[in-house]
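Okay, upload03.txt is below, compact mmCIF, C-alpha atoms:
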# COMPACT_ATOMS: atom_id res chain seq x y z
CA MET J 1 78.75 144.13 22.00
CA ASN J 2 80.17 141.00 20.47
CA ARG J 3 83.58 141.81 21.84
CA GLN J 4 82.22 142.17 25.35
CA LYS J 5 80.59 138.75 25.09
CA ILE J 6 83.89 137.07 24.21
CA ASP J 7 85.61 138.81 27.10
CA LEU J 8 82.92 137.68 29.49
CA THR J 9 83.25 134.01 28.64
CA ARG J 10 87.03 133.95 28.43
CA THR J 11 88.02 135.93 31.52
CA PRO J 12 86.96 133.41 34.21
CA GLN J 13 88.68 130.54 32.43
CA THR J 14 91.94 132.41 32.14
CA PHE J 15 91.46 133.44 35.74
CA CYS J 16 90.90 129.85 36.93
CA TRP J 17 94.06 128.69 35.19
CA GLY J 18 95.93 131.61 36.71
CA VAL J 19 94.82 130.65 40.20
CA PHE J 20 95.74 127.03 39.54
CA LEU J 21 99.20 127.97 38.39
CA LEU J 22 99.71 130.37 41.28
CA THR J 23 98.68 127.67 43.76
CA TRP J 24 101.20 125.19 42.40
CA ILE J 25 103.98 127.78 42.34
CA GLU J 26 103.21 128.59 45.97
CA ILE J 27 103.13 124.94 46.99
CA TYR J 28 106.42 124.38 45.18
CA PHE J 29 108.22 127.21 46.93
CA HIS J 30 106.78 126.44 50.34
CA LYS J 31 106.75 122.68 50.18
CA GLY J 32 109.53 122.68 52.77
CA ASP J 33 107.36 124.65 55.22
CA ILE J 34 104.36 122.48 54.51
CA SER J 35 106.00 119.10 54.95
CA MET J 36 108.18 120.28 57.82
CA SER J 37 105.14 121.44 59.73
CA LYS J 38 104.28 119.13 62.54
CA ARG J 39 101.78 116.45 61.60
CA TYR J 40 98.29 116.95 62.89
CA GLN J 41 97.46 115.08 66.07
CA LEU J 42 94.13 113.41 66.78
CA LYS J 43 93.22 116.21 69.21
CA GLU J 44 93.75 118.86 66.54
CA VAL J 45 91.79 116.96 63.92
CA ILE J 46 88.82 116.76 66.30
CA LEU J 47 89.19 120.46 67.13
CA LEU J 48 89.23 121.46 63.45
CA ALA J 49 86.11 119.41 62.69
CA LEU J 50 84.40 120.84 65.80
CA ILE J 51 85.14 124.42 64.77
CA GLY J 52 83.65 123.83 61.33
CA ILE J 53 80.53 122.24 62.81
CA ILE J 54 80.09 124.98 65.45
CA PHE J 55 80.20 127.67 62.78
CA GLY J 56 77.65 125.65 60.80
CA VAL J 57 75.35 125.43 63.81
CA ILE J 58 75.57 129.18 64.41
CA TYR J 59 74.97 129.81 60.71
CA TYR J 60 71.77 127.76 60.73
CA ALA J 61 70.51 129.95 63.53
CA GLY J 62 70.92 132.90 61.15
CA ASP J 63 69.60 131.09 58.09
CA PHE J 64 66.48 133.27 57.99
CA LEU J 65 68.83 136.02 56.80
CA TYR J 66 69.42 134.28 53.47
CA ASN J 67 65.76 133.48 52.88
CA GLY J 68 64.58 136.94 53.89
CA LEU J 69 67.16 138.64 51.65
CA SER J 70 66.25 136.37 48.70
CA ILE J 71 62.58 137.21 48.98
CA VAL J 72 63.24 140.96 49.23
CA LEU J 73 65.93 141.12 46.50
CA THR J 74 64.50 138.78 43.83
CA PRO J 75 61.70 141.12 42.62
CA VAL J 76 64.27 143.87 41.94
CA GLY J 77 66.48 141.47 39.99
CA LEU J 78 69.22 141.23 42.62
CA GLY J 79 68.18 137.83 44.01
CA PRO J 80 71.61 136.13 43.86
CA MET J 81 73.00 138.93 46.02
CA ALA J 82 71.50 137.12 49.03
CA ASN J 83 74.00 134.34 48.35
CA ASP J 84 76.89 136.80 48.09
CA ILE J 85 75.93 138.80 51.17
CA THR J 86 75.80 135.69 53.37
CA MET J 87 78.84 133.98 51.75
CA GLY J 88 81.26 135.40 54.33
CA LEU J 89 79.39 133.59 57.11
CA TRP J 90 79.89 130.24 55.35
CA CYS J 91 83.62 130.74 54.99
CA MET J 92 84.44 131.84 58.55
CA ALA J 93 85.55 128.47 59.90
CA GLY J 94 88.64 128.36 57.67
CA PRO J 95 90.33 131.64 58.65
CA MET J 96 89.26 131.07 62.29
CA ALA J 97 91.03 127.70 62.34
CA ALA J 98 94.11 129.27 60.77
CA MET J 99 94.19 132.04 63.38
CA LEU J 100 93.82 129.49 66.18
CA LEU J 101 96.38 126.89 65.07
CA ARG J 102 98.67 129.06 62.87
CA ARG J 103 99.74 126.14 60.75
CA PRO J 104 99.63 125.21 57.07
CA ALA J 105 96.45 123.33 56.07
CA ALA J 106 94.56 124.43 59.22
CA SER J 107 92.31 126.69 57.18
CA PHE J 108 91.51 124.03 54.60
CA LEU J 109 90.91 121.33 57.21
CA GLY J 110 88.68 123.56 59.35
CA GLU J 111 86.47 124.34 56.40
CA PHE J 112 86.47 120.89 54.80
CA LEU J 113 86.10 118.74 57.93
CA GLY J 114 83.36 121.12 59.06
CA ALA J 115 81.57 120.55 55.76
CA ALA J 116 82.01 116.80 56.20
CA GLY J 117 80.40 117.11 59.63
CA GLU J 118 77.55 119.27 58.40
CA MET J 119 76.83 116.65 55.78
CA PHE J 120 75.12 114.63 58.49
CA LEU J 121 73.70 117.58 60.40
CA GLY J 122 70.37 117.27 58.63
CA GLY J 123 70.99 120.09 56.18
CA GLN J 124 69.33 119.23 52.91
CA TRP J 125 72.52 119.43 50.85
CA GLY J 126 73.90 116.10 52.05
CA ALA J 127 77.02 114.92 50.27
CA SER J 128 77.13 117.99 47.98
CA ASN J 129 78.35 119.85 51.07
CA LEU J 130 81.74 118.23 50.49
CA ILE J 131 82.23 119.95 47.14
CA SER J 132 81.46 123.43 48.46
CA GLY J 133 83.54 122.69 51.56
CA PHE J 134 86.48 121.71 49.37
CA VAL J 135 86.27 124.83 47.20
CA GLN J 136 85.88 127.15 50.19
CA GLY J 137 88.69 125.38 52.05
CA VAL J 138 91.14 125.75 49.17
CA ALA J 139 90.02 129.36 48.68
CA SER J 140 90.70 130.51 52.23
CA GLU J 141 93.88 128.41 52.58
CA LEU J 142 95.35 130.04 49.49
CA GLY J 143 95.30 133.44 51.21
CA PHE J 144 97.58 132.14 53.95
CA THR J 145 99.75 130.22 51.47
CA LEU J 146 100.33 133.41 49.49
CA THR J 147 101.58 135.13 52.65
CA ALA J 148 103.94 132.18 53.25
CA TYR J 149 102.16 131.26 56.51
CA LYS J 150 103.89 134.14 58.23
CA HIS J 151 100.98 136.56 58.53
CA PHE J 152 98.29 135.36 60.89
CA ASP J 153 97.15 138.97 61.25
CA TRP J 154 95.23 141.62 59.29
CA PHE J 155 97.36 141.14 56.21
CA GLY J 156 96.83 137.36 56.08
CA LEU J 157 93.12 137.68 56.81
CA THR J 158 92.61 140.28 54.09
CA THR J 159 94.53 138.21 51.55
CA SER J 160 92.47 135.20 52.54
CA ALA J 161 89.25 137.21 52.18
CA LEU J 162 90.39 138.25 48.69
CA THR J 163 91.27 134.73 47.52
CA SER J 164 88.03 133.41 49.05
CA THR J 165 86.05 136.05 47.19
CA PHE J 166 87.55 135.34 43.81
CA ILE J 167 87.68 131.55 43.98
CA THR J 168 84.17 131.05 45.35
CA PHE J 169 82.97 133.56 42.76
CA GLY J 170 84.69 131.60 40.00
CA TRP J 171 82.97 128.47 41.26
CA ASP J 172 79.53 130.16 41.25
CA TRP J 173 80.30 131.39 37.75
CA PHE J 174 79.80 127.81 36.58
CA ARG J 175 77.70 126.20 39.24
CA ASN J 176 75.10 128.88 39.90
CA GLY J 177 75.03 130.32 36.39
CA TYR J 178 76.66 133.67 37.18
CA ALA J 179 78.08 133.55 33.63
CA HIS J 180 74.60 134.32 32.36
CA PHE J 181 74.08 137.47 34.43
CA SER J 182 74.82 140.91 33.05
CA LEU J 183 78.30 142.36 33.57
CA GLN J 184 76.86 145.08 35.81
CA LEU J 185 75.12 142.55 38.08
CA ASN J 186 78.29 140.45 38.27
CA LEU J 187 80.30 143.46 39.43
CA ILE J 188 77.71 144.29 42.09
CA LEU J 189 77.75 140.65 43.26
CA LEU J 190 81.54 140.52 43.35
CA ILE J 191 81.73 143.67 45.48
CA ALA J 192 78.94 142.45 47.79
CA ARG J 193 80.79 139.17 48.21
CA PHE J 194 84.07 140.84 49.07
CA VAL J 195 82.40 143.16 51.60
CA SER J 196 80.75 140.13 53.22
CA MET J 197 84.03 138.17 53.24
CA PHE J 198 85.91 141.11 54.72
CA ILE J 199 83.35 141.74 57.47
CA PHE J 200 82.87 138.12 58.55
CA CYS J 201 86.16 136.39 57.62
CA GLY J 202 88.26 139.48 58.31
CA VAL J 203 86.85 141.77 60.99
CA LEU J 204 84.74 139.27 62.95
CA VAL J 205 87.41 136.53 62.86
CA LYS J 206 90.03 139.03 64.02
CA LEU J 207 87.81 140.14 66.91
CA VAL J 208 87.31 136.52 68.00
CA ALA J 209 91.04 135.84 67.57
CA ASN J 210 91.83 138.85 69.80
CA LEU J 211 89.59 137.40 72.52
CA LEU J 212 91.29 134.00 72.15
CA GLU J 213 94.70 135.60 72.36
CA ARG J 214 93.76 137.44 75.54
CA ALA J 215 92.58 134.12 76.96
CA HIS J 216 96.00 132.63 76.02
CA VAL J 217 94.62 129.73 74.01
CA THR J 218 96.09 130.70 70.63
CA LYS J 219 99.18 128.83 69.50
CA THR J 220 102.18 131.11 69.42
CA ASN J 221 105.26 130.16 67.48
CA MET U 222 76.55 99.66 47.82
CA ASN U 223 79.93 100.39 49.40
CA PRO U 224 79.70 103.79 51.20
CA SER U 225 82.94 105.21 49.75
CA LEU U 226 82.04 104.28 46.18
CA LYS U 227 78.53 105.63 46.66
CA LEU U 228 79.96 108.93 47.87
CA ALA U 229 82.46 109.06 45.00
CA LEU U 230 79.72 108.34 42.45
CA VAL U 231 77.47 111.10 43.75
CA LEU U 232 80.32 113.61 43.92
CA LEU U 233 81.40 112.81 40.36
CA ILE U 234 77.87 113.16 39.02
CA SER U 235 77.33 116.41 40.95
CA LEU U 236 80.54 117.86 39.52
CA GLU U 237 79.60 116.81 36.02
CA VAL U 238 76.14 118.35 36.35
CA SER U 239 77.75 121.62 37.51
CA PHE U 240 79.55 122.00 34.21
CA THR U 241 76.84 120.85 31.79
CA GLN U 242 73.53 122.37 30.84
CA LYS U 243 71.10 119.52 30.21
CA LEU U 244 67.59 119.65 31.60
CA GLY U 245 66.65 116.05 30.69
CA ILE U 246 69.46 114.38 32.59
CA ASN U 247 68.86 116.64 35.60
CA LEU U 248 65.21 115.58 35.78
CA ILE U 249 66.12 111.88 35.50
CA LEU U 250 68.76 112.25 38.24
CA ILE U 251 66.21 113.98 40.49
CA MET U 252 63.77 111.09 39.97
CA ILE U 253 66.45 108.50 40.77
CA GLY U 254 67.51 110.49 43.84
CA LEU U 255 63.92 110.73 45.05
CA ILE U 256 63.39 106.98 44.61
CA LEU U 257 66.57 106.27 46.58
CA ILE U 258 65.44 108.70 49.29
CA LEU U 259 61.96 107.13 49.48
CA LYS U 260 63.58 103.70 49.84
CA THR U 261 65.08 104.83 53.15
CA ARG U 262 61.54 105.59 54.41
CA PRO U 263 62.17 109.13 55.63
CA SER U 264 59.69 110.94 57.86
CA GLY U 265 57.19 113.28 56.25
CA LEU U 266 58.90 116.30 57.79
CA THR U 267 62.27 115.33 56.28
CA LEU U 268 60.68 115.03 52.83
CA VAL U 269 58.89 118.37 53.09
CA ARG U 270 62.09 120.07 54.21
CA LEU U 271 64.05 118.46 51.38
CA ILE U 272 61.66 119.80 48.78
CA ALA U 273 60.63 123.13 50.31
CA ILE U 274 63.91 124.67 51.54
CA PRO U 275 65.88 124.51 48.24
CA ALA U 276 62.86 126.09 46.49
CA ILE U 277 64.03 129.55 47.59
CA PRO U 278 67.55 129.48 46.05
CA ALA U 279 66.20 127.61 43.01
CA ALA U 280 63.45 130.18 42.39
CA THR U 281 65.82 133.10 43.07
CA LEU U 282 68.32 131.92 40.46
CA ALA U 283 65.68 130.98 37.89
CA ILE U 284 63.84 134.31 38.15
CA THR U 285 67.05 136.33 37.95
CA ILE U 286 68.25 134.44 34.87
CA GLY U 287 64.87 134.36 33.14
CA ALA U 288 63.51 137.80 33.90
CA PHE U 289 66.46 140.07 34.66
CA SER U 290 69.48 138.84 32.67
CA PRO U 291 70.42 139.60 29.07
CA GLY U 292 69.09 136.79 26.88
CA HIS U 293 66.13 135.98 29.18
CA ASP U 294 67.06 132.34 28.86
CA TRP U 295 64.23 130.46 30.60
CA PHE U 296 65.67 127.11 29.50
CA PHE U 297 68.90 127.79 31.36
CA ALA U 298 66.82 129.07 34.27
CA ALA U 299 65.10 125.66 34.42
CA VAL U 300 68.49 123.91 34.14
CA LEU U 301 69.81 125.86 37.13
CA ALA U 302 66.73 125.27 39.26
CA SER U 303 66.80 121.55 38.48
CA ARG U 304 70.56 121.47 39.12
CA ILE U 305 69.98 122.60 42.70
CA TYR U 306 67.50 119.77 43.18
CA VAL U 307 70.00 117.29 41.71
CA TYR U 308 72.50 118.28 44.41
CA VAL U 309 69.85 118.00 47.09
CA CYS U 310 68.32 114.69 45.98
CA LEU U 311 71.57 112.84 45.24
CA GLY U 312 73.37 114.35 48.24
CA SER U 313 70.63 113.39 50.65
CA ALA U 314 70.26 109.95 49.06
CA VAL U 315 73.81 109.26 50.30
CA THR U 316 73.49 110.77 53.76
CA LEU U 317 70.08 109.24 54.50
CA ALA U 318 71.18 105.75 53.44
CA THR U 319 74.59 105.79 55.16
CA THR U 320 75.49 106.31 58.79
CA PRO U 321 78.57 108.40 59.63
CA LEU U 322 80.10 105.30 61.26
CA GLU U 323 79.76 103.20 58.10
CA LEU U 324 81.26 105.95 56.00
CA ALA U 325 84.18 106.48 58.41
CA ARG U 326 84.95 102.74 58.48
CA SER U 327 84.73 102.46 54.73
CA LEU U 328 86.93 105.51 54.10
CA GLU U 329 89.53 104.13 56.49
CA GLN U 330 89.53 100.55 55.18
CA ASN U 331 88.77 101.00 51.48
CA CYS U 332 90.30 104.41 50.74
CA HIS U 333 93.17 104.21 53.25
CA LEU U 334 92.24 107.52 54.82
CA SER U 335 94.31 108.05 57.95
CA ALA U 336 92.38 106.71 60.97
CA LYS U 337 92.71 109.96 62.92
CA PHE U 338 90.88 111.87 60.19
CA ALA U 339 88.17 109.22 59.81
CA TYR U 340 87.49 108.75 63.52
CA GLY U 341 88.40 112.29 64.60
CA THR U 342 85.72 113.70 62.33
CA LEU U 343 83.34 110.97 63.42
CA ALA U 344 83.91 111.93 67.05
CA ALA U 345 83.11 115.56 66.20
CA ILE U 346 79.92 114.50 64.40
CA ASN U 347 78.82 112.52 67.44
CA LEU U 348 79.23 115.68 69.54
CA VAL U 349 76.71 117.60 67.41
CA PRO U 350 73.83 117.40 69.92
CA ARG U 351 76.14 118.76 72.61
CA ILE U 352 77.36 121.53 70.33
CA ILE U 353 73.78 122.61 69.64
CA SER U 354 72.89 122.63 73.32
CA ALA U 355 76.14 124.45 74.19
CA VAL U 356 75.37 127.23 71.69
CA LYS U 357 71.88 127.52 73.20
CA THR U 358 73.33 127.66 76.71
CA ILE U 359 75.82 130.39 75.76
CA ARG U 360 72.97 132.43 74.28
CA ALA U 361 70.76 131.91 77.34
CA ALA U 362 73.61 132.85 79.66
CA GLY U 363 74.12 136.03 77.67
CA GLN U 364 70.46 136.90 77.87
CA MET U 365 70.51 136.56 81.63
CA ARG U 366 73.04 139.37 81.66
CA GLY U 367 70.97 141.40 79.20
CA LEU U 368 73.22 140.56 76.20
CA THR U 369 71.69 139.29 72.98
CA LEU U 370 74.36 137.17 71.29
CA SER U 371 73.77 136.79 67.57
CA PHE U 372 75.74 135.40 64.63
CA TRP U 373 77.76 138.62 64.47
CA SER U 374 78.81 138.59 68.16
CA PRO U 375 82.49 137.69 68.71
CA GLN U 376 81.61 136.57 72.28
CA LEU U 377 79.38 133.76 70.97
CA TYR U 378 82.13 132.32 68.76
CA PHE U 379 84.77 132.84 71.44
CA LYS U 380 82.86 130.86 74.06
CA ALA U 381 81.92 128.13 71.60
CA ILE U 382 85.58 127.73 70.58
CA LEU U 383 86.62 127.48 74.22
CA SER U 384 84.15 124.59 74.63
CA ALA U 385 85.53 122.98 71.47
CA LEU U 386 89.07 123.18 72.86
CA THR U 387 88.00 121.37 76.03
CA TRP U 388 85.98 118.75 74.19
CA SER U 389 88.67 117.96 71.61
CA ASP U 390 91.14 117.41 74.44
CA GLN U 391 88.77 115.19 76.39
CA VAL U 392 87.60 113.14 73.41
CA ALA U 393 91.16 112.57 72.18
CA GLN U 394 92.19 111.42 75.67
CA ALA U 395 89.19 109.13 75.85
CA MET U 396 89.99 107.60 72.48
CA GLU U 397 93.64 107.14 73.38
CA SER U 398 92.80 105.54 76.70
CA HIS U 399 90.68 103.06 74.74
CA GLY U 400 93.71 102.04 72.73
CA PHE U 401 93.59 104.40 69.75
CA VAL U 402 97.13 105.15 68.54
CA ASP U 403 97.94 107.60 65.73
CA ASP U 404 99.59 106.16 62.62
CA GLN U 405 99.60 102.56 63.81
CA ALA U 406 98.33 99.55 61.88
CA ARG U 407 94.83 98.71 63.05
CA THR U 408 92.89 95.47 63.03
CA THR U 409 89.26 95.68 62.02
CA ALA U 410 86.31 94.19 63.84
CA HIS U 411 83.85 95.14 61.10
CA GLN U 412 85.31 94.62 57.67
CA ILE U 413 83.81 96.61 54.84
CA ARG U 414 84.49 95.20 51.40
CA ILE U 415 84.14 96.51 47.91
CA THR U 416 82.40 93.82 45.88
CA ALA U 417 82.54 93.38 42.12
CA TRP U 418 78.88 94.38 42.08
CA ASP U 419 79.80 97.79 43.59
CA TRP U 420 82.24 98.44 40.76
CA VAL U 421 79.64 97.37 38.19
CA ILE U 422 77.08 99.81 39.62
CA LEU U 423 79.67 102.62 39.66
CA VAL U 424 80.87 102.11 36.10
CA VAL U 425 77.41 101.49 34.62
CA SER U 426 75.91 104.54 36.37
CA LEU U 427 78.71 106.79 35.15
CA ALA U 428 78.39 105.39 31.61
CA LEU U 429 74.62 105.95 31.65
CA VAL U 430 75.10 109.56 32.79
CA GLN U 431 77.60 110.16 29.96
CA GLY U 432 75.16 108.63 27.47
CA GLY U 433 72.33 110.74 28.84
CA LEU U 434 74.42 113.89 28.60
CA ILE U 435 75.08 113.25 24.91
CA VAL U 436 71.60 112.09 23.90
CA LEU U 437 69.18 114.14 26.03
CA PRO U 438 68.46 117.89 25.58

Translate the structure described by the file into structure tokens.
Amino acid sequence: MNRQKIDLTRTPQTFCWGVFLLTWIEIYFHKGDISMSKRYQLKEVILLALIGIIFGVIYYAGDFLYNGLSIVLTPVGLGPMANDITMGLWCMAGPMAAMLLRRPAASFLGEFLGAAGEMFLGGQWGASNLISGFVQGVASELGFTLTAYKHFDWFGLTTSALTSTFITFGWDWFRNGYAHFSLQLNLILLIARFVSMFIFCGVLVKLVANLLERAHVTKTN
Amino acid sequence: MNPSLKLALVLLISLEVSFTQKLGINLILIMIGLILILKTRPSGLTLVRLIAIPAIPAATLAITIGAFSPGHDWFFAAVLASRIYVYVCLGSAVTLATTPLELARSLEQNCHLSAKFAYGTLAAINLVPRIISAVKTIRAAGQMRGLTLSFWSPQLYFKAILSALTWSDQVAQAMESHGFVDDQARTTAHQIRITAWDWVILVVSLALVQGGLIVLP
């Protein structure tokens, strides 16, 4: 019992450091690609912010989903699952931006600038939006960094869904008190989060990207 | 207070609150946030929304921690619920008291953020009413053809992104035809300064929060 407790508190910290290290190694090896990539033009910056805001607007239309799920799941002790089930919807702007522009930093900027825009949208979170936007942006960008910005396809999207799952989960571990849940509940939440990420940031984004490709608006290198 | 410093202060405090478990300081921060919000004279509806909507995630987390988790730690449950209100109160205190334009100017002049990011994002924010009406139009157009477009429909996102592509092109052209040039030195019509008083508020507030974190439960 005691042993399990120690494991539970240590694992996420080790994990966070691991992710940190991995990120820097990736940036080091691909810093050529990143700095060589064309600088973002005004038009693209506006587009990235717009994409983030549009996804926010569509999400608010489906906000009842979170509230309904919370109310149904809380009495059975699975309340936080509402957060995990809807998490994929929050993180869609990043991978979508990456699929559209196919450039380093597109995913991060789409997510973060979108969050900056939503800050003033009248959502009650205000400036705190920036913190979640930053974490989600880094999380989905890392998936494309790990594939060396060469896989704007199923492989890249799945990797991005995986990194998004783990990093946003690590963040909730501290911020939303997941560390205090039972191990069993944490596993259920982690799986629910990945399924949500895969469906929204993987399948749905790919379907939209296919439509964009057929309309010949996607950047092709 | 200077918009950039205000934003930095709130972000720093929010981050610190995320990693500490003190109920006392959370309650004090909520009170301060509420006072700052009331000073901006918000409408009744805004206030009700601010308090009512976060109640669902706050209650969900608190009940799960208190009733269903090993340890049944109701103190931590209260910390988590109050933490959510800290984010909401402080976060909204910034956004209600600052306009996007002020913040963009301040970030550009005081924090040397590249002008295209400051004003590009600002342009996107100013398009929000059009984005909302465009999403409604796309939905209505779908319904006329017997299609219900929801948040899981690729068509809805596809059409919205097509609009965004057109708008970003048009807005960028409009800005450039009004003399906006990427990566060029700009003169400023409205200067935003950081006064010594701003720094004093920032440092004193942070020091008080540290003190509170050590002293309070």

Review point. What residues in chain U lie within 6 Å of chain J, counting only C-alpha atoms, written as JSON, numbers by chain?
Key: {"U": [239, 271, 281, 285, 289, 290, 308, 309, 312, 313, 316, 337, 341, 342, 345, 346, 375, 379, 389, 390, 393]}

**Study point:** Closest of U:Leu311, U:His293, U:Leu259, U:Asn247 to Leu232 (chain U) - atom-to-atom distances counting all atoms listed in the file
**Key:** U:Leu311

Exercise for review: Give the answer as one residue: which of U:Arg366, U:Gly287, U:Lys227, U:Arg304 has the shortest atom-to-atom distance to Phe240 (chain U), using all atoms listed in the file?
Suggested key: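 Among the listed residues, the smallest separation from Phe240 (chain U) belongs to U:Arg304.
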
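Closest approach to Gln242 (chain U) among U:Thr319, U:Phe296, U:Pro291, U:Ser374 is made by U:Phe296 (distances from all atoms listed in the file).
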
Check your understanding: List as a PyMOL selection string: which residues have an atom within 12 Å of (87.6, 134.8, 44.9), counting only C-alpha atoms?
Key -> chain J and resi 12+15-16+19+84+87-88+91+135-143+158-173+189-195+197-198

Can you report as AutoDock Vina command-line options the centre and edge lengths in Å, to one decimal, of an axis-aligned box around the listed atoms of region 256-262 of chain U padded with 6 Å on each side?
--center_x 64.1 --center_y 106.2 --center_z 49.5 --size_x 17.0 --size_y 17.0 --size_z 21.8

Check your understanding: When you draw a straight line from CA of Gln412 (chain U) to CA of Ser327 (chain U), how long is it in Å?
Key -> 8.4 Å

Check your understanding: Which residue out of J:Gly156, J:Glu213, J:Thr86, J:Thr218 has the minimum interatomic distance to Phe64 (chain J) when only C-alpha atoms are used?
Key ->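 The closest residue to Phe64 (chain J) is J:Thr86.
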
Exercise for review: For Val421 (chain U), please output as a list in words all residues within 12 Å (counting all atoms listed in the file; exclusion window: fewer than 5 positions along the same chain).
Suggested key: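 Non-adjacent residues within range: Met222, Asn223, Leu226, Lys227, Leu230, Ile415, Thr416, Ser426, Leu427, Ala428 and Leu429 of chain U.
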
Using all atoms listed in the file, list the residues that have an atom at most 9 Å from (65.7, 129.6, 40.9), coordinates as in the file, as a compact mmCIF listing (two decimals) with C-alpha atoms, in the coordinates of the input.
# COMPACT_ATOMS: atom_id res chain seq x y z
CA PRO U 275 65.88 124.51 48.24
CA ALA U 276 62.86 126.09 46.49
CA ILE U 277 64.03 129.55 47.59
CA PRO U 278 67.55 129.48 46.05
CA ALA U 279 66.20 127.61 43.01
CA ALA U 280 63.45 130.18 42.39
CA THR U 281 65.82 133.10 43.07
CA LEU U 282 68.32 131.92 40.46
CA ALA U 283 65.68 130.98 37.89
CA ILE U 284 63.84 134.31 38.15
CA THR U 285 67.05 136.33 37.95
CA ILE U 286 68.25 134.44 34.87
CA ALA U 298 66.82 129.07 34.27
CA ALA U 299 65.10 125.66 34.42
CA LEU U 301 69.81 125.86 37.13
CA ALA U 302 66.73 125.27 39.26
CA SER U 303 66.80 121.55 38.48
CA ILE U 305 69.98 122.60 42.70

Point to revise | d(CA of Leu233 (chain U), CA of Ala314 (chain U)) in Å | key: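 So the answer is 14.4 Å.
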
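Here CA of Thr241 (chain U) is placed at a distance of 8.0 Å from CA of Leu434 (chain U).
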